[in-house]
Amino acid sequence: MPELPEVEVTRLSFADRIQGARIQQLRMGKPLRWPLGCDTSLLQGRTVLRVRRRGKYLLLDLDRGLLLLHLGMSGSLHFASELPPAGVHDHCDLFTSRGTLRLHDPRRFGAVVYADSQDAPVATKLLGHLGMEPLGDEFPLTAFYAGLHARKTAIKQVLLAGEVVVGVGNIYASEALFMAGIRPTTKASTIGRARVARLHEAVRTVLARAVLKGGSTLRDFSNAHGESGYFQLEAMVYDRQGLPCRVCGITIQLLRQGQRSTYFCPQCQKR
DNA sequence: AGGGTGACCTGTCGGC
DNA sequence: TGCCGACAGGTCACCC
């Protein structure tokens with residue numbers, strides 16, 4: 001489910017409300033992708049200072065330490081003063097003075113991890129290799145070009161890997177490449193400056209637009225208020241194999257790269 | 001060293 | 001109707 005837009009939309013939907021909340025209790029359900037890394041009682045009495053995002057991770061800064069949350073493929077968060085009893089797929093409840101933050105994650109690829117600081121080994125392992133944030137001011141074109149120039153893999157997979165730029169998952173990689181007119185199979189290192197500049201702009205535009213539309217709800221994504229996203233309605237290629245390209249009318253094609261589906265228009269993305 | 005593959009886990013859908 | 005395989009928004013550990 002969640003790529004950068006969905007994670008950011010989630011963050012925006014509860015960050016203000018949970019800020020300043022005092023943690024009363026943490027309940028963990030079935031195991032998630034990684035262990036919490038501390039006793040749940042350790043968090044009692046701590047305060048949530050703010051909620052940041054790094055790539056597809058949400059970082060809850062506490063007055064001491066931080067919680068790293070990841071939504072995996074199927075995770076979503078809810079935050080409310082009163083929530084129904086935990087269901088089978090509700091694997092984490094963070095009870096606070098302002099309400100309960102609940103992680104719902106059927107596939108359990110998500111994670112809730114405690115770190116003493118952002119320099120703690122576990123935080124470094126998860127965040128240390130992450131690339132540039134595409135939104136905001138820390139995404140210079142020159143660095144993007146240099147990053148792509150050093151990669152011999154297909155551009156789609158370089159985007160997905162998150163080591164050059166973070167937050168671009170399977171939906172938005174296809175969408176950004178379409179917008180930039182670049183074939184997903186093109187070797188990243190062979191893309192010239194002008195085309196990299198188009199991709200740089202496309203990544204920013206697609207992600208920002210998706211945040212504005214509340215993310216993409218393909219199956220079950222919703223923000224912490226329980227509201228769906230609508231970006232999927234304006235997808236140009238994702239999940240549109242066999243349908244006519246919205247620009248040129250040619251049939252959208254599907255291929256597999258690294259066991260993931262890639263969608264593209266053979267006419268609009270010639271190379 | 002970097003690139004490719006399998007693994008994690010559950011739900012859903014299409015085909016036979 | 002029922003079963004089985006393929007696939008789904010992510011990403012790490014491991015192999016050559």
# chains A, B, ... in the order shown; residues from 1 in each chain; ligands from 1
call {"tool": "interface_residues", "arguments": {"of": "chain B", "to": "chain A", "cutoff": "10 Å", "atoms": "only C-alpha atoms (C1' of nucleotides)", "output": "list in words"}}
result
DG2, DG3, DG4, DT5, DC8, DC9, DT10 and DG11 of chain B
call {"tool": "write_last_selection", "arguments": {"atoms": "C-alpha atoms (C1' of nucleotides)", "output": "CSV table (one decimal), in the first residue's frame"}}
result
chain,number,residue,atom,x,y,z
B,2,DG,C1',26.9,-4.7,-7.4
B,3,DG,C1',23.1,-6.9,-9.3
B,4,DG,C1',19.7,-10.6,-9.1
B,5,DT,C1',16.7,-13.8,-6.1
B,8,DC,C1',8.7,-12.7,5.0
B,9,DC,C1',2.7,-13.0,5.6
B,10,DT,C1',-2.1,-12.8,4.6
B,11,DG,C1',-5.9,-11.9,1.5
call {"tool": "residues_around", "arguments": {"residues": "DG14 (chain B)", "least_positions_apart": "2", "cutoff": "10 Å", "atoms": "only C-alpha atoms (C1' of nucleotides)", "output": "CSV table (one decimal) with all heavy atoms, in the first residue's frame"}}
result
chain,number,residue,atom,x,y,z
B,12,DT,P,-10.0,-10.7,1.8
B,12,DT,OP1,-10.8,-9.5,2.1
B,12,DT,OP2,-10.4,-12.1,2.2
B,12,DT,O5',-9.7,-10.8,0.2
B,12,DT,C5',-9.0,-9.7,-0.4
B,12,DT,C4',-8.8,-10.0,-1.9
B,12,DT,O4',-7.7,-11.0,-2.0
B,12,DT,C3',-10.0,-10.6,-2.6
B,12,DT,O3',-10.1,-10.0,-3.8
B,12,DT,C2',-9.6,-12.1,-2.8
B,12,DT,C1',-8.1,-11.9,-2.9
B,12,DT,N1,-7.3,-13.1,-2.7
B,12,DT,C2,-6.3,-13.5,-3.5
B,12,DT,O2,-6.0,-12.8,-4.5
B,12,DT,N3,-5.5,-14.6,-3.2
B,12,DT,C4,-5.7,-15.4,-2.1
B,12,DT,O4,-5.0,-16.4,-1.9
B,12,DT,C5,-6.8,-15.0,-1.2
B,12,DT,C7,-7.1,-15.8,0.0
B,12,DT,C6,-7.5,-13.9,-1.5
B,16,DC,P,-8.2,-21.9,-17.8
B,16,DC,OP1,-7.1,-22.1,-18.7
B,16,DC,OP2,-9.5,-21.4,-18.3
B,16,DC,O5',-8.5,-23.3,-17.1
B,16,DC,C5',-7.4,-23.9,-16.3
B,16,DC,C4',-8.0,-25.0,-15.4
B,16,DC,O4',-8.7,-24.3,-14.4
B,16,DC,C3',-9.0,-26.0,-16.1
B,16,DC,O3',-8.6,-27.3,-15.7
B,16,DC,C2',-10.3,-25.6,-15.5
B,16,DC,C1',-9.9,-25.0,-14.1
B,16,DC,N1,-10.9,-24.1,-13.5
B,16,DC,C2,-11.2,-24.2,-12.2
B,16,DC,O2,-10.7,-25.1,-11.5
B,16,DC,N3,-12.1,-23.4,-11.6
B,16,DC,C4,-12.7,-22.4,-12.4
B,16,DC,N4,-13.6,-21.6,-11.8
B,16,DC,C5,-12.4,-22.3,-13.7
B,16,DC,C6,-11.5,-23.1,-14.3
C,5,DG,P,-0.5,-25.2,-6.3
C,5,DG,OP1,0.5,-26.2,-6.6
C,5,DG,OP2,-0.6,-24.7,-4.9
C,5,DG,O5',-0.2,-23.9,-7.3
C,5,DG,C5',-0.6,-24.0,-8.7
C,5,DG,C4',-0.7,-22.6,-9.2
C,5,DG,O4',-1.8,-21.9,-8.7
C,5,DG,C3',0.5,-21.8,-8.9
C,5,DG,O3',0.9,-21.1,-10.1
C,5,DG,C2',0.0,-20.8,-7.8
C,5,DG,C1',-1.4,-20.7,-8.1
C,5,DG,N9,-2.3,-20.4,-7.0
C,5,DG,C8,-2.3,-21.0,-5.7
C,5,DG,N7,-3.2,-20.5,-4.9
C,5,DG,C5,-3.9,-19.6,-5.7
C,5,DG,C6,-4.9,-18.7,-5.4
C,5,DG,O6,-5.6,-18.7,-4.3
C,5,DG,N1,-5.3,-17.9,-6.4
C,5,DG,C2,-4.7,-17.9,-7.6
C,5,DG,N2,-5.2,-17.0,-8.5
C,5,DG,N3,-3.7,-18.7,-8.0
C,5,DG,C4,-3.3,-19.5,-7.0
C,6,DA,P,2.2,-20.2,-10.1
C,6,DA,OP1,2.9,-20.4,-11.4
C,6,DA,OP2,2.9,-20.3,-8.8
C,6,DA,O5',1.5,-18.7,-10.2
C,6,DA,C5',0.5,-18.5,-11.2
C,6,DA,C4',0.1,-17.0,-11.0
C,6,DA,O4',-0.8,-16.9,-9.9
C,6,DA,C3',1.2,-16.0,-10.8
C,6,DA,O3',1.0,-14.9,-11.5
C,6,DA,C2',1.1,-15.8,-9.2
C,6,DA,C1',-0.4,-16.0,-9.0
C,6,DA,N9,-0.7,-16.4,-7.6
C,6,DA,C8,-0.1,-17.4,-6.9
C,6,DA,N7,-0.6,-17.6,-5.7
C,6,DA,C5,-1.7,-16.7,-5.7
C,6,DA,C6,-2.7,-16.4,-4.7
C,6,DA,N6,-2.7,-17.0,-3.5
C,6,DA,N1,-3.6,-15.4,-5.0
C,6,DA,C2,-3.5,-14.8,-6.2
C,6,DA,N3,-2.6,-15.0,-7.2
C,6,DA,C4,-1.8,-16.0,-6.9
call {"tool": "closest_atom_pairs", "arguments": {"of": "chain A", "to": "chain C", "cutoff": "8 Å", "atoms": "only C-alpha atoms (C1' of nucleotides)", "output": "Markdown table"}}
result
| residue | atom | partner | partner_atom | distance |
| --- | --- | --- | --- | --- |
| A:Met1 | CA | C:DG9 | C1' | 2.9 |
| A:Pro2 | CA | C:DG9 | C1' | 5.0 |
| A:Glu3 | CA | C:DG9 | C1' | 6.4 |
| A:Gly72 | CA | C:DG10 | C1' | 5.2 |
| A:Met73 | CA | C:DG9 | C1' | 5.4 |
| A:Ser74 | CA | C:DG9 | C1' | 7.2 |
| A:Phe109 | CA | C:DG10 | C1' | 7.3 |
| A:Gly169 | CA | C:DG9 | C1' | 7.2 |
| A:Asn170 | CA | C:DG9 | C1' | 6.8 |
| A:Ile171 | CA | C:DG9 | C1' | 7.1 |
| A:Leu218 | CA | C:DG9 | C1' | 7.8 |
call {"tool": "write_last_selection", "arguments": {"atoms": "C-alpha atoms", "output": "CSV table (one decimal), in the first residue's frame"}}
result
chain,number,residue,atom,x,y,z
A,1,MET,CA,0.0,0.0,0.0
A,2,PRO,CA,2.1,2.9,1.2
A,3,GLU,CA,4.6,4.8,-0.8
A,72,GLY,CA,5.0,-2.3,4.8
A,73,MET,CA,2.7,-3.4,2.0
A,74,SER,CA,-0.6,-3.5,3.8
A,109,PHE,CA,5.5,-6.5,6.6
A,169,GLY,CA,7.4,2.8,-4.9
A,170,ASN,CA,5.8,0.6,-7.6
A,171,ILE,CA,2.9,2.9,-8.5
A,218,LEU,CA,-6.0,0.5,-4.4
call {"tool": "atom_distance", "arguments": {"atom1": "CA of Leu49 (chain A)", "atom2": "CA of Met132 (chain A)"}}
result
24.1 Å
call {"tool": "atom_distance", "arguments": {"atom1": "CA of Met28 (chain A)", "atom2": "CA of Gly214 (chain A)"}}
result
27.9 Å
call {"tool": "select_by_dssp", "arguments": {"residues": "region 153-189 of chain A", "states": "alpha helix (DSSP H)", "output": "PyMOL selection string"}}
result
chain A and resi 155-161+170-180
call {"tool": "decode", "arguments": {"residues": "chain C", "atoms": "C-alpha atoms (C1' of nucleotides)", "output": "PDB file, in the first residue's frame"}}
result
ATOM      1  C1'  DT C   1     -18.380 -24.900  -5.153  1.00  0.00           C
ATOM      2  C1'  DG C   2     -13.589 -25.808  -4.240  1.00  0.00           C
ATOM      3  C1'  DC C   3      -8.865 -25.876  -4.811  1.00  0.00           C
ATOM      4  C1'  DC C   4      -4.457 -23.875  -6.390  1.00  0.00           C
ATOM      5  C1'  DG C   5      -1.434 -20.677  -8.131  1.00  0.00           C
ATOM      6  C1'  DA C   6      -0.380 -15.954  -8.993  1.00  0.00           C
ATOM      7  C1'  DC C   7      -0.261 -11.602  -7.354  1.00  0.00           C
ATOM      8  C1'  DA C   8      -0.538  -7.321  -4.162  1.00  0.00           C
ATOM      9  C1'  DG C   9       1.442  -0.474  -2.441  1.00  0.00           C
ATOM     10  C1'  DG C  10       8.153  -3.020   0.705  1.00  0.00           C
ATOM     11  C1'  DT C  11      12.758  -4.150   1.695  1.00  0.00           C
ATOM     12  C1'  DC C  12      16.260  -6.943   3.853  1.00  0.00           C
ATOM     13  C1'  DA C  13      19.614 -10.929   3.744  1.00  0.00           C
ATOM     14  C1'  DC C  14      21.811 -13.682   0.885  1.00  0.00           C
ATOM     15  C1'  DC C  15      23.882 -15.611  -3.459  1.00  0.00           C
ATOM     16  C1'  DC C  16      27.024 -15.451  -7.350  1.00  0.00           C
TER      17       DC C  16
END
